[in-house]
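Undergrad: What follows is model_0.txt, made up of compact mmCIF, C-alpha atoms (C1' of nucleotides):
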# COMPACT_ATOMS: atom_id res chain seq x y z
CA MET A 26 119.17 151.84 66.10
CA ASP A 27 118.85 150.43 62.67
CA ASP A 28 120.56 147.24 61.67
CA GLN A 29 122.58 149.05 59.07
CA SER A 30 124.33 151.26 61.54
CA LEU A 31 125.05 148.36 63.84
CA LEU A 32 126.51 146.39 60.99
CA LEU A 33 128.66 149.21 59.70
CA LEU A 34 130.00 150.10 63.13
CA GLY A 35 130.75 146.44 63.79
CA ILE A 36 132.67 146.16 60.55
CA LEU A 37 134.62 149.33 61.21
CA LYS A 38 135.38 148.20 64.74
CA VAL A 39 137.40 145.36 63.27
CA GLN A 40 139.28 147.65 60.92
CA SER A 41 139.04 151.05 59.28
CA GLN A 42 138.03 150.67 55.69
CA HIS A 43 136.95 152.62 52.68
CA GLY A 44 133.57 152.36 51.11
CA TYR A 45 134.40 149.87 48.45
CA GLN A 46 135.85 147.32 50.86
CA ILE A 47 132.85 147.62 53.11
CA ASN A 48 130.36 147.22 50.32
CA GLU A 49 132.17 144.32 48.77
CA PHE A 50 132.23 142.48 52.07
CA ILE A 51 128.56 143.04 52.64
CA GLU A 52 127.55 142.02 49.17
CA LYS A 53 129.70 138.91 49.01
CA ASN A 54 129.32 137.62 52.50
CA LEU A 55 126.29 139.07 54.14
CA SER A 56 123.58 138.85 51.54
CA ARG A 57 121.67 136.58 53.90
CA VAL A 58 121.45 138.92 56.82
CA THR A 59 121.02 142.20 55.02
CA ASN A 60 120.37 143.52 51.59
CA MET A 61 121.64 146.97 52.21
CA LYS A 62 122.64 148.59 48.96
CA LYS A 63 125.84 150.41 48.22
CA ALA A 64 124.22 153.82 48.15
CA THR A 65 122.58 153.11 51.48
CA ALA A 66 125.90 152.23 53.04
CA TYR A 67 127.42 155.51 51.89
CA ALA A 68 124.44 157.47 53.17
CA THR A 69 124.50 155.67 56.49
CA LEU A 70 128.22 156.24 56.90
CA GLU A 71 127.65 159.91 56.33
CA ARG A 72 124.97 159.97 59.00
CA LEU A 73 127.22 158.13 61.43
CA ALA A 74 129.94 160.65 60.70
CA LYS A 75 127.61 163.53 61.36
CA ALA A 76 126.66 161.96 64.68
CA GLY A 77 130.32 161.61 65.63
CA TYR A 78 130.41 157.82 65.59
CA VAL A 79 132.81 157.56 62.69
CA THR A 80 135.45 159.83 61.23
CA VAL A 81 136.33 160.23 57.60
CA THR A 82 139.88 160.75 56.39
CA PHE A 83 141.24 160.90 52.89
CA GLU A 84 143.74 158.53 51.47
CA GLN A 85 145.87 159.01 48.38
CA GLU A 86 147.42 156.01 46.75
CA GLY A 87 149.64 156.65 43.74
CA ASN A 88 147.76 158.85 41.33
CA ARG A 89 144.42 157.18 41.77
CA PRO A 90 141.49 159.30 42.75
CA GLN A 91 141.60 159.89 46.46
CA ARG A 92 139.24 157.89 48.56
CA LYS A 93 137.53 158.18 51.88
CA VAL A 94 138.57 156.00 54.77
CA TYR A 95 136.02 155.47 57.51
CA SER A 96 137.05 154.79 61.11
CA ILE A 97 135.02 154.24 64.22
CA THR A 98 135.50 156.75 67.05
CA SER A 99 135.62 155.85 70.72
CA MET A 100 132.19 157.36 71.04
CA GLY A 101 131.14 155.12 68.20
CA GLU A 102 132.54 152.08 69.99
CA GLU A 103 130.61 152.84 73.12
CA TYR A 104 127.47 153.35 71.16
CA PHE A 105 128.06 150.16 69.25
CA ILE A 106 128.36 148.08 72.42
CA GLU A 107 125.29 149.62 73.89
CA GLN A 108 123.25 148.92 70.77
CA LEU A 109 124.66 145.44 70.42
CA ARG A 110 123.27 144.57 73.84
CA GLU A 111 119.89 145.76 72.79
CA ASN A 112 120.03 143.93 69.49
CA LEU A 113 120.96 140.59 71.01
CA ALA A 114 118.26 140.64 73.63
CA LEU A 115 115.44 141.15 71.19
CA ALA A 116 114.29 138.26 69.12
CA GLU A 117 111.33 140.40 68.22
CA GLN A 118 113.11 141.97 65.32
CA MET A 119 113.77 138.67 63.66
CA THR A 120 111.97 138.43 60.38
CA PHE A 121 112.32 135.80 57.71
CA THR A 122 111.75 137.80 54.60
CA GLY A 123 111.23 136.50 51.12
CA ASP A 124 108.74 133.97 52.33
CA ILE A 125 105.65 135.94 51.57
CA GLY A 126 104.95 133.82 48.54
CA LEU A 127 104.64 130.70 50.65
CA MET A 128 101.48 132.05 52.16
CA PHE A 129 99.74 132.01 48.83
CA LEU A 130 100.68 128.64 47.44
CA ASP A 131 97.04 127.75 47.02
CA ASN A 132 96.76 130.17 44.16
CA LEU A 133 98.86 128.00 41.90
CA PRO A 134 98.31 124.39 40.82
CA ARG A 135 100.06 121.96 43.16
CA PRO A 136 102.36 120.43 40.54
CA GLU A 137 103.58 123.86 39.58
CA VAL A 138 104.21 124.74 43.19
CA ALA A 139 106.23 121.56 43.59
CA GLN A 140 108.23 122.56 40.55
CA LEU A 141 108.90 126.05 41.85
CA LEU A 142 109.90 124.78 45.26
CA LYS A 143 112.35 122.42 43.60
CA MET A 144 114.07 125.41 42.09
CA ARG A 145 114.08 127.01 45.48
CA LEU A 146 115.59 123.90 46.98
CA ALA A 147 118.36 123.87 44.41
CA ASP A 148 119.09 127.46 45.29
CA VAL A 149 119.11 126.79 49.01
CA GLU A 150 121.47 123.88 48.54
CA LYS A 151 123.81 125.97 46.47
CA GLN A 152 123.87 128.49 49.26
CA ILE A 153 124.58 125.88 51.87
CA ALA A 154 127.45 124.52 49.84
CA SER A 155 129.03 127.89 49.31
CA PHE A 156 128.59 128.76 52.95
CA GLU A 157 130.29 125.59 53.99
CA LYS A 158 133.27 125.77 51.74
CA ALA A 159 134.07 129.47 51.45
CA PRO A 160 133.67 130.72 54.99
CA PHE A 161 134.37 134.37 55.55
CA HIS A 162 134.69 133.68 59.21
CA ALA A 163 137.69 132.11 60.95
CA ASN A 164 138.36 135.37 62.69
CA GLY A 165 136.37 135.37 65.85
CA HIS A 166 134.12 133.07 67.75
CA GLY A 167 131.19 135.41 67.29
CA VAL A 168 131.33 135.44 63.53
CA ASN A 169 131.58 131.67 63.52
CA LEU A 170 128.56 131.38 65.70
CA ALA A 171 126.65 133.71 63.45
CA VAL A 172 127.61 131.73 60.38
CA ALA A 173 126.62 128.54 62.14
CA HIS A 174 123.32 130.10 62.93
CA VAL A 175 122.54 131.16 59.40
CA LEU A 176 123.60 127.73 58.18
CA THR A 177 121.21 126.21 60.68
CA LEU A 178 118.36 128.26 59.30
CA PHE A 179 119.23 127.29 55.76
CA LYS A 180 119.35 123.64 56.61
CA SER A 181 116.06 123.96 58.31
CA GLU A 182 114.64 125.46 55.13
CA GLN A 183 116.16 122.64 53.13
CA LYS A 184 114.63 120.02 55.39
CA TRP A 185 111.26 121.67 55.15
CA LEU A 186 111.44 121.75 51.38
CA LEU A 187 112.52 118.13 51.19
CA ALA A 188 109.52 117.15 53.27
CA THR A 189 107.04 119.43 51.57
CA ILE A 190 107.77 118.81 47.90
CA PRO A 191 106.84 115.11 47.87
CA GLU A 192 103.73 115.95 49.83
CA LEU A 193 102.70 118.46 47.20
CA GLU A 194 103.37 115.96 44.47
CA SER A 195 101.39 113.16 46.05
CA VAL A 196 98.27 115.08 46.95
CA THR A 197 95.86 114.82 44.07
CA GLN A 198 94.82 118.43 44.56
CA MET B 16 107.92 143.41 42.60
CA ASP B 17 108.32 144.24 46.21
CA ASP B 18 107.15 141.89 48.91
CA GLN B 19 104.70 144.44 50.21
CA SER B 20 102.68 144.56 47.02
CA LEU B 21 102.63 140.79 46.77
CA LEU B 22 101.43 140.51 50.32
CA LEU B 23 98.72 143.13 49.96
CA LEU B 24 97.42 141.70 46.70
CA GLY B 25 97.40 138.24 48.25
CA ILE B 26 95.40 139.46 51.20
CA LEU B 27 92.92 141.30 49.01
CA LYS B 28 92.57 138.30 46.76
CA VAL B 29 91.03 136.45 49.69
CA GLN B 30 88.66 139.28 50.48
CA SER B 31 88.19 142.99 49.93
CA GLN B 32 89.07 144.88 53.05
CA HIS B 33 89.60 148.33 54.39
CA GLY B 34 92.89 149.63 55.63
CA TYR B 35 92.40 148.93 59.26
CA GLN B 36 91.59 145.26 58.79
CA ILE B 37 94.57 144.77 56.56
CA ASN B 38 96.94 146.45 58.93
CA GLU B 39 95.62 144.64 61.95
CA PHE B 40 96.06 141.30 60.24
CA ILE B 41 99.60 142.09 59.23
CA GLU B 42 100.61 143.38 62.62
CA LYS B 43 99.06 140.58 64.59
CA ASN B 44 99.84 137.64 62.42
CA LEU B 45 102.62 138.45 60.04
CA SER B 46 105.20 140.21 62.15
CA ARG B 47 107.62 137.41 61.34
CA VAL B 48 107.55 137.73 57.62
CA THR B 49 107.28 141.46 57.24
CA ASN B 50 107.50 144.55 59.33
CA MET B 51 105.64 146.77 56.99
CA LYS B 52 104.20 149.70 58.84
CA LYS B 53 100.69 151.02 58.63
CA ALA B 54 101.64 154.10 56.69
CA THR B 55 103.56 151.98 54.22
CA ALA B 56 100.55 149.79 53.63
CA TYR B 57 98.40 152.82 52.86
CA ALA B 58 101.02 154.23 50.52
CA THR B 59 101.46 150.91 48.77
CA LEU B 60 97.73 150.47 48.35
CA GLU B 61 97.58 153.87 46.76
CA ARG B 62 100.34 152.92 44.35
CA LEU B 63 98.57 149.66 43.50
CA ALA B 64 95.40 151.62 42.87
CA LYS B 65 97.19 154.02 40.56
CA ALA B 66 98.58 151.05 38.63
CA GLY B 67 95.12 149.58 38.26
CA TYR B 68 95.71 146.50 40.40
CA VAL B 69 93.25 147.49 43.07
CA THR B 70 90.17 149.66 43.20
CA VAL B 71 89.03 151.85 46.03
CA THR B 72 85.40 152.30 46.97
CA PHE B 73 83.87 154.09 49.89
CA GLU B 74 81.78 152.52 52.54
CA GLN B 75 79.44 154.22 54.94
CA GLU B 76 78.44 152.45 58.08
CA GLY B 77 75.97 154.24 60.32
CA ASN B 78 77.24 157.70 60.90
CA ARG B 79 80.87 156.78 61.34
CA PRO B 80 83.37 158.49 59.10
CA GLN B 81 83.37 156.83 55.74
CA ARG B 82 86.20 154.48 55.03
CA LYS B 83 87.97 153.16 51.99
CA VAL B 84 87.52 149.59 50.90
CA TYR B 85 90.24 148.10 48.74
CA SER B 86 89.54 145.34 46.23
CA ILE B 87 91.78 143.54 43.81
CA THR B 88 90.99 143.92 40.11
CA SER B 89 91.22 141.14 37.57
CA MET B 90 94.33 142.82 36.25
CA GLY B 91 95.65 142.71 39.80
CA GLU B 92 94.90 139.02 40.08
CA GLU B 93 96.81 138.26 36.93
CA TYR B 94 99.70 140.31 38.07
CA PHE B 95 99.61 138.67 41.46
CA ILE B 96 99.86 135.17 40.03
CA GLU B 97 102.68 136.18 37.76
CA GLN B 98 104.65 137.68 40.62
CA LEU B 99 103.88 134.82 42.93
CA ARG B 100 105.59 132.47 40.50
CA GLU B 101 108.63 134.63 40.49
CA ASN B 102 108.69 134.95 44.24
CA LEU B 103 108.46 131.24 44.90
CA ALA B 104 111.24 130.31 42.55
CA LEU B 105 113.79 132.59 44.10
CA ALA B 106 115.36 131.65 47.37
CA GLU B 107 117.82 134.44 46.75
CA GLN B 108 115.61 137.00 48.38
CA MET B 109 115.50 135.12 51.64
CA THR B 110 117.14 137.08 54.39
CA PHE B 111 117.12 136.41 58.07
CA THR B 112 117.14 139.87 59.47
CA GLY B 113 117.68 140.85 63.05
CA ASP B 114 120.66 138.58 63.35
CA ILE B 115 123.29 141.20 62.71
CA GLY B 116 124.16 141.32 66.38
CA LEU B 117 125.15 137.66 66.35
CA MET B 118 128.11 138.50 64.18
CA PHE B 119 129.60 140.65 66.88
CA LEU B 120 129.20 138.52 69.97
CA ASP B 121 132.91 138.71 70.62
CA ASN B 122 132.56 142.32 71.62
CA LEU B 123 130.77 141.43 74.83
CA PRO B 124 131.89 139.21 77.68
CA ARG B 125 130.77 135.62 77.21
CA PRO B 126 128.63 135.42 80.34
CA GLU B 127 126.76 138.51 79.31
CA VAL B 128 126.19 137.09 75.85
CA ALA B 129 124.83 133.93 77.41
CA GLN B 130 122.49 136.04 79.47
CA LEU B 131 121.29 138.03 76.47
CA LEU B 132 120.73 134.91 74.42
CA LYS B 133 118.65 133.49 77.24
CA MET B 134 116.33 136.43 76.91
CA ARG B 135 116.22 135.84 73.21
CA LEU B 136 115.39 132.21 73.80
CA ALA B 137 112.54 133.11 76.10
CA ASP B 138 111.22 135.39 73.41
CA VAL B 139 111.52 132.76 70.71
CA GLU B 140 109.72 130.23 72.87
CA LYS B 141 106.93 132.65 73.55
CA GLN B 142 106.57 133.13 69.82
CA ILE B 143 106.50 129.42 69.16
CA ALA B 144 103.81 128.93 71.78
CA SER B 145 101.62 131.67 70.41
CA PHE B 146 102.09 130.42 66.89
CA GLU B 147 101.05 126.96 67.92
CA LYS B 148 97.96 127.82 69.85
CA ALA B 149 96.52 130.83 68.04
CA PRO B 150 96.87 129.94 64.40
CA PHE B 151 95.58 132.43 61.89
CA HIS B 152 95.57 129.73 59.29
CA ALA B 153 93.01 126.96 58.96
CA ASN B 154 91.81 128.49 55.73
CA GLY B 155 93.96 127.08 53.02
CA HIS B 156 96.70 124.56 52.59
CA GLY B 157 99.13 127.26 51.50
CA VAL B 158 98.77 129.37 54.59
CA ASN B 159 99.21 126.29 56.73
CA LEU B 160 102.36 125.37 54.90
CA ALA B 161 103.69 128.86 55.36
CA VAL B 162 102.93 128.81 59.05
CA ALA B 163 104.60 125.45 59.34
CA HIS B 164 107.59 126.88 57.58
CA VAL B 165 107.97 129.86 59.89
CA LEU B 166 107.49 127.56 62.86
CA THR B 167 110.25 125.38 61.51
CA LEU B 168 112.59 128.33 61.33
CA PHE B 169 111.73 129.36 64.85
CA LYS B 170 112.31 125.91 66.22
CA SER B 171 115.59 125.83 64.44
CA GLU B 172 116.52 129.08 66.14
CA GLN B 173 115.44 127.66 69.45
CA LYS B 174 117.54 124.55 68.97
CA TRP B 175 120.53 126.63 68.06
CA LEU B 176 120.12 128.78 71.15
CA LEU B 177 119.71 125.75 73.39
CA ALA B 178 122.95 124.34 72.07
CA THR B 179 124.88 127.59 72.05
CA ILE B 180 124.04 129.01 75.45
CA PRO B 181 125.63 126.21 77.50
CA GLU B 182 128.63 126.38 75.22
CA LEU B 183 129.05 130.06 75.95
CA GLU B 184 128.68 129.41 79.64
CA SER B 185 131.20 126.64 79.79
CA VAL B 186 133.99 128.25 77.78
CA THR B 187 136.27 130.05 80.20
CA GLN B 188 136.61 132.93 77.77
C1' DG C 30 75.84 160.61 82.11
C1' DC C 31 80.50 161.82 81.91
C1' DA C 32 85.62 161.63 82.00
C1' DC C 33 89.25 158.57 80.20
C1' DA C 34 91.10 155.02 77.61
C1' DA C 35 91.09 152.20 73.64
C1' DT C 36 89.83 151.32 68.92
C1' DT C 37 89.24 152.75 64.25
C1' DA C 38 91.03 155.15 60.06
C1' DG C 39 93.84 157.56 58.09
C1' DT C 40 97.47 161.76 56.63
C1' DC C 41 101.94 164.01 56.04
C1' DA C 42 106.50 166.14 56.53
C1' DA C 43 110.94 164.54 57.32
C1' DG C 44 114.05 161.27 56.59
C1' DA C 45 115.81 156.85 54.33
C1' DT C 46 116.68 154.04 50.27
C1' DT C 47 118.14 152.91 45.78
C1' DG C 48 118.48 152.46 40.51
C1' DA C 49 120.91 154.64 37.39
C1' DC C 50 124.62 157.31 36.47
C1' DT C 51 129.56 159.33 36.41
C1' DA C 52 134.46 158.73 36.22
C1' DT C 53 139.11 156.96 36.73
C1' DA C 54 142.43 152.97 37.08
C1' DA C 55 144.00 148.37 36.45
C1' DT C 56 144.10 144.25 33.64
C1' DA C 57 143.51 141.20 29.85
C1' DC C 58 143.50 140.27 25.17
C1' DT C 59 144.83 140.62 20.39
C1' DA D 27 149.88 150.00 21.22
C1' DG D 28 144.99 149.95 21.33
C1' DT D 29 140.77 148.66 23.38
C1' DA D 30 137.37 146.00 25.88
C1' DT D 31 136.35 144.49 30.49
C1' DT D 32 136.37 144.63 35.15
C1' DA D 33 137.40 146.83 39.53
C1' DT D 34 137.26 150.99 42.21
C1' DA D 35 134.64 154.90 44.42
C1' DG D 36 131.39 157.31 44.71
C1' DT D 37 126.87 160.80 43.71
C1' DC D 38 122.03 162.13 43.19
C1' DA D 39 117.12 162.67 41.78
C1' DA D 40 113.19 160.11 42.35
C1' DT D 41 110.92 157.13 45.08
C1' DC D 42 109.70 154.80 49.37
C1' DT D 43 109.08 154.54 54.39
C1' DT D 44 107.58 155.86 58.82
C1' DG D 45 107.12 158.38 63.43
C1' DA D 46 104.18 161.47 64.90
C1' DC D 47 100.01 163.50 64.41
C1' DT D 48 94.79 164.21 63.71
C1' DA D 49 90.17 162.98 64.58
C1' DA D 50 85.98 160.54 65.22
C1' DT D 51 83.74 156.47 67.64
C1' DT D 52 83.15 153.08 70.99
C1' DG D 53 83.64 151.07 75.38
C1' DT D 54 84.43 151.23 80.69
C1' DG D 55 84.38 152.40 85.29
C1' DC D 56 82.45 155.15 88.57
For this file, produce the structure as structure tokens.
TA:
Amino acid sequence: MDDQSLLLLGILKVQSQHGYQINEFIEKNLSRVTNMKKATAYATLERLAKAGYVTVTFEQEGNRPQRKVYSITSMGEEYFIEQLRENLALAEQMTFTGDIGLMFLDNLPRPEVAQLLKMRLADVEKQIASFEKAPFHANGHGVNLAVAHVLTLFKSEQKWLLATIPELESVTQ
Amino acid sequence: MDDQSLLLLGILKVQSQHGYQINEFIEKNLSRVTNMKKATAYATLERLAKAGYVTVTFEQEGNRPQRKVYSITSMGEEYFIEQLRENLALAEQMTFTGDIGLMFLDNLPRPEVAQLLKMRLADVEKQIASFEKAPFHANGHGVNLAVAHVLTLFKSEQKWLLATIPELESVTQ
DNA sequence: GCACAATTAGTCAAGATTGACTATAATACT
DNA sequence: AGTATTATAGTCAATCTTGACTAATTGTGC
């Protein structure tokens, strides 16, 4: 199963939602574990519906345009649990994307690399700060653990940058 | 620019290669920074060729079926450097995929989660070991730094697992 | 010296993804 | 009251990705 489906089912298991809520949550809070786009979420939800894992109902609120509400089915819950087991057992899937550039540092002058990594560091630290003060968690041990985990990885990145930048600056190429 | 193109250009910048070599290298050594599939690599190379960033020549060796050799053009090198700068400056793209399941730990009984995470730990430790003893680096400071970086992230994951598993086991749910 | 597996090198149809677009409602500002 | 901005809720054509397949060559064991 793809990560997207697992994520969407997991979100719907907590509460039925319509597309906008789902996408907002993902974009605001989960940009570090997925970069699924809005259109992908809608397409995936449709696939899950076709497979019988979610149902779609319509909701009318005042005279706004009606919107679709997605709910997980019991079949979907079973499937979710089954796939969750599989997902947790495999570390193989773990990839740290966005780090391709690091492999090719040698192609730029050292001082410039140091400069670029400083920008990266600033960015990482901003992320850490926002993670620490605006937690989306607080509702479930699991989510907290997951947040802790991502924070751990970020801090590890920060530490690495803090150690690497001075090294780059000192080496006389 | 997508990560795939950056990666392929970076690889070709070191040395012209044919498809098989490229794909083997990626699969064996870079499974932690990308999970680009073989067919994707071929398709991407074709796109890069159409854009003028790589050239394709044919090579005949004995009487084996002729194969395509991909080389980076000078235009490709320029483009590569330009994109590398962009890539390094942005930490925003960093995502730690494969961790979706962690968000939903609460849906499984704690002891089972502990068990699953133990398997994950074993896997992570296997990865660390293989990274440490069969390095694909040793040809460039940049590659070494990148390897060090991925290792750092893995060790961070390992540490987190070592701390979390006993916690899961002790909590009486 | 031959059957079987593994390696090498790709192709392609089917399915997945997304940038750009549409369209209405709420809200803020002057 | 008018209007600019943002929030809400999606859709779709064009592009990208990949599982499954083809096909030749090189071992390997017997």
Undergrad: Using only C-alpha atoms (C1' of nucleotides), which residues sit within 12 Å of DT43 in chain D once same-chain residues fewer than 5 positions away are excluded, as a list in words?
TA: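 Those residues are Gln19, Asn50, Met51, Lys52, Lys53, Ala54, Thr55, Ala56, Tyr57, Ala58 and Thr59 of chain B; DC41, DA43, DG44, DA45 and DT46 of chain C.
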Undergrad: Write out as an MDAnalysis selection string the residues lying within 10 Å of range 34-37 of chain C, counting only C-alpha atoms (C1' of nucleotides) and excluding same-chain residues fewer than 6 positions away.
TA: (chainID B and resid 34:36 79:80 82) or (chainID D and resid 50:54)
Undergrad: Contacts of DA40 in chain D at 12 Å or less, counting all atoms listed in the file, minus same-chain residues fewer than 6 places along, as a list in words?
TA: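 So, after excluding close chain neighbours, the residues are DT46, DT47, DG48 and DA49 of chain C.
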Undergrad: Please return the superposed copy of chain B as a short mmCIF file (atom, residue, chain, number, x, y, z; two decimals) with C-alpha atoms, keeping the file's coordinate frame; the fit should be least squares onto chain A across all sequentially paired Cα atoms.
TA:
data_model
loop_
_atom_site.label_atom_id
_atom_site.label_comp_id
_atom_site.auth_asym_id
_atom_site.auth_seq_id
_atom_site.Cartn_x
_atom_site.Cartn_y
_atom_site.Cartn_z
CA MET B 16 119.13 151.82 66.15
CA ASP B 17 118.80 150.40 62.72
CA ASP B 18 120.53 147.21 61.73
CA GLN B 19 122.55 149.00 59.10
CA SER B 20 124.32 151.24 61.56
CA LEU B 21 125.04 148.34 63.87
CA LEU B 22 126.48 146.35 61.02
CA LEU B 23 128.64 149.17 59.71
CA LEU B 24 129.99 150.07 63.13
CA GLY B 25 130.73 146.41 63.78
CA ILE B 26 132.64 146.12 60.55
CA LEU B 27 134.61 149.28 61.20
CA LYS B 28 135.37 148.17 64.72
CA VAL B 29 137.39 145.32 63.24
CA GLN B 30 139.25 147.61 60.87
CA SER B 31 139.00 151.00 59.23
CA GLN B 32 137.97 150.63 55.64
CA HIS B 33 136.90 152.57 52.64
CA GLY B 34 133.51 152.33 51.06
CA TYR B 35 134.32 149.83 48.42
CA GLN B 36 135.76 147.27 50.82
CA ILE B 37 132.80 147.57 53.10
CA ASN B 38 130.30 147.17 50.33
CA GLU B 39 132.10 144.27 48.77
CA PHE B 40 132.18 142.44 52.07
CA ILE B 41 128.50 142.99 52.66
CA GLU B 42 127.47 141.96 49.19
CA LYS B 43 129.62 138.88 49.04
CA ASN B 44 129.26 137.57 52.52
CA LEU B 45 126.25 139.04 54.19
CA SER B 46 123.52 138.82 51.60
CA ARG B 47 121.60 136.56 53.97
CA VAL B 48 121.40 138.91 56.87
CA THR B 49 120.96 142.19 55.08
CA ASN B 50 120.31 143.48 51.64
CA MET B 51 121.59 146.92 52.24
CA LYS B 52 122.58 148.53 48.99
CA LYS B 53 125.77 150.35 48.23
CA ALA B 54 124.16 153.75 48.17
CA THR B 55 122.52 153.07 51.50
CA ALA B 56 125.84 152.18 53.05
CA TYR B 57 127.36 155.45 51.88
CA ALA B 58 124.39 157.42 53.17
CA THR B 59 124.46 155.63 56.50
CA LEU B 60 128.18 156.19 56.88
CA GLU B 61 127.62 159.86 56.29
CA ARG B 62 124.94 159.93 58.97
CA LEU B 63 127.22 158.09 61.40
CA ALA B 64 129.94 160.61 60.65
CA LYS B 65 127.61 163.51 61.32
CA ALA B 66 126.68 161.93 64.65
CA GLY B 67 130.32 161.58 65.59
CA TYR B 68 130.43 157.79 65.57
CA VAL B 69 132.82 157.55 62.67
CA THR B 70 135.45 159.79 61.18
CA VAL B 71 136.33 160.19 57.56
CA THR B 72 139.87 160.70 56.33
CA PHE B 73 141.21 160.80 52.83
CA GLU B 74 143.71 158.43 51.40
CA GLN B 75 145.83 158.89 48.33
CA GLU B 76 147.32 155.89 46.67
CA GLY B 77 149.55 156.54 43.68
CA ASN B 78 147.70 158.79 41.33
CA ARG B 79 144.33 157.13 41.68
CA PRO B 80 141.44 159.31 42.72
CA GLN B 81 141.54 159.84 46.43
CA ARG B 82 139.15 157.82 48.48
CA LYS B 83 137.48 158.12 51.83
CA VAL B 84 138.51 155.92 54.71
CA TYR B 85 135.99 155.43 57.47
CA SER B 86 137.03 154.72 61.06
CA ILE B 87 135.02 154.21 64.19
CA THR B 88 135.51 156.72 66.99
CA SER B 89 135.65 155.85 70.66
CA MET B 90 132.21 157.38 70.99
CA GLY B 91 131.14 155.06 68.18
CA GLU B 92 132.57 152.06 69.97
CA GLU B 93 130.65 152.85 73.11
CA TYR B 94 127.50 153.35 71.18
CA PHE B 95 128.09 150.14 69.28
CA ILE B 96 128.40 148.06 72.43
CA GLU B 97 125.31 149.63 73.90
CA GLN B 98 123.27 148.89 70.81
CA LEU B 99 124.68 145.43 70.45
CA ARG B 100 123.29 144.57 73.87
CA GLU B 101 119.91 145.76 72.84
CA ASN B 102 120.01 143.92 69.56
CA LEU B 103 120.95 140.59 71.07
CA ALA B 104 118.26 140.64 73.69
CA LEU B 105 115.43 141.15 71.27
CA ALA B 106 114.25 138.28 69.18
CA GLU B 107 111.29 140.43 68.27
CA GLN B 108 113.09 142.00 65.37
CA MET B 109 113.73 138.68 63.71
CA THR B 110 111.92 138.43 60.43
CA PHE B 111 112.27 135.84 57.76
CA THR B 112 111.70 137.85 54.67
CA GLY B 113 111.20 136.55 51.19
CA ASP B 114 108.71 134.00 52.37
CA ILE B 115 105.61 135.99 51.58
CA GLY B 116 104.95 133.88 48.52
CA LEU B 117 104.64 130.75 50.65
CA MET B 118 101.46 132.10 52.14
CA PHE B 119 99.76 132.06 48.78
CA LEU B 120 100.72 128.69 47.39
CA ASP B 121 97.08 127.80 46.95
CA ASN B 122 96.82 130.23 44.09
CA LEU B 123 98.93 128.04 41.83
CA PRO B 124 98.40 124.45 40.77
CA ARG B 125 100.13 122.01 43.11
CA PRO B 126 102.44 120.49 40.51
CA GLU B 127 103.66 123.91 39.54
CA VAL B 128 104.27 124.80 43.16
CA ALA B 129 106.28 121.62 43.56
CA GLN B 130 108.31 122.61 40.55
CA LEU B 131 108.95 126.11 41.85
CA LEU B 132 109.95 124.83 45.26
CA LYS B 133 112.41 122.49 43.61
CA MET B 134 114.13 125.48 42.11
CA ARG B 135 114.14 127.09 45.50
CA LEU B 136 115.65 123.97 46.99
CA ALA B 137 118.41 123.94 44.43
CA ASP B 138 119.14 127.53 45.31
CA VAL B 139 119.17 126.85 49.03
CA GLU B 140 121.52 123.93 48.55
CA LYS B 141 123.86 126.02 46.49
CA GLN B 142 123.91 128.55 49.29
CA ILE B 143 124.61 125.93 51.90
CA ALA B 144 127.49 124.57 49.86
CA SER B 145 129.06 127.95 49.34
CA PHE B 146 128.63 128.82 52.98
CA GLU B 147 130.34 125.63 54.00
CA LYS B 148 133.33 125.82 51.75
CA ALA B 149 134.09 129.53 51.49
CA PRO B 150 133.69 130.77 55.02
CA PHE B 151 134.36 134.43 55.64
CA HIS B 152 134.71 133.69 59.30
CA ALA B 153 137.71 132.11 60.98
CA ASN B 154 138.42 135.37 62.73
CA GLY B 155 136.41 135.35 65.88
CA HIS B 156 134.16 133.04 67.79
CA GLY B 157 131.22 135.39 67.32
CA VAL B 158 131.37 135.44 63.56
CA ASN B 159 131.62 131.67 63.54
CA LEU B 160 128.59 131.37 65.74
CA ALA B 161 126.67 133.70 63.48
CA VAL B 162 127.64 131.74 60.41
CA ALA B 163 126.63 128.55 62.14
CA HIS B 164 123.33 130.14 62.96
CA VAL B 165 122.55 131.19 59.41
CA LEU B 166 123.61 127.76 58.21
CA THR B 167 121.22 126.25 60.69
CA LEU B 168 118.38 128.31 59.32
CA PHE B 169 119.24 127.33 55.79
CA LYS B 170 119.38 123.67 56.61
CA SER B 171 116.07 124.00 58.31
CA GLU B 172 114.66 125.51 55.14
CA GLN B 173 116.17 122.71 53.13
CA LYS B 174 114.65 120.08 55.38
CA TRP B 175 111.29 121.72 55.14
CA LEU B 176 111.48 121.81 51.36
CA LEU B 177 112.56 118.18 51.18
CA ALA B 178 109.56 117.18 53.23
CA THR B 179 107.07 119.47 51.54
CA ILE B 180 107.83 118.88 47.89
CA PRO B 181 106.90 115.18 47.84
CA GLU B 182 103.79 116.04 49.80
CA LEU B 183 102.75 118.53 47.16
CA GLU B 184 103.45 116.01 44.45
CA SER B 185 101.49 113.23 46.01
CA VAL B 186 98.34 115.14 46.93
CA THR B 187 95.92 114.83 44.05
CA GLN B 188 94.92 118.45 44.47
#
Undergrad: Excluding Asn102 in chain B and any residue of its chain fewer than 4 positions from it, enumerate the residues within 9 Å of it, using all atoms listed in the file, and give them as a count of residues only.
TA: 12
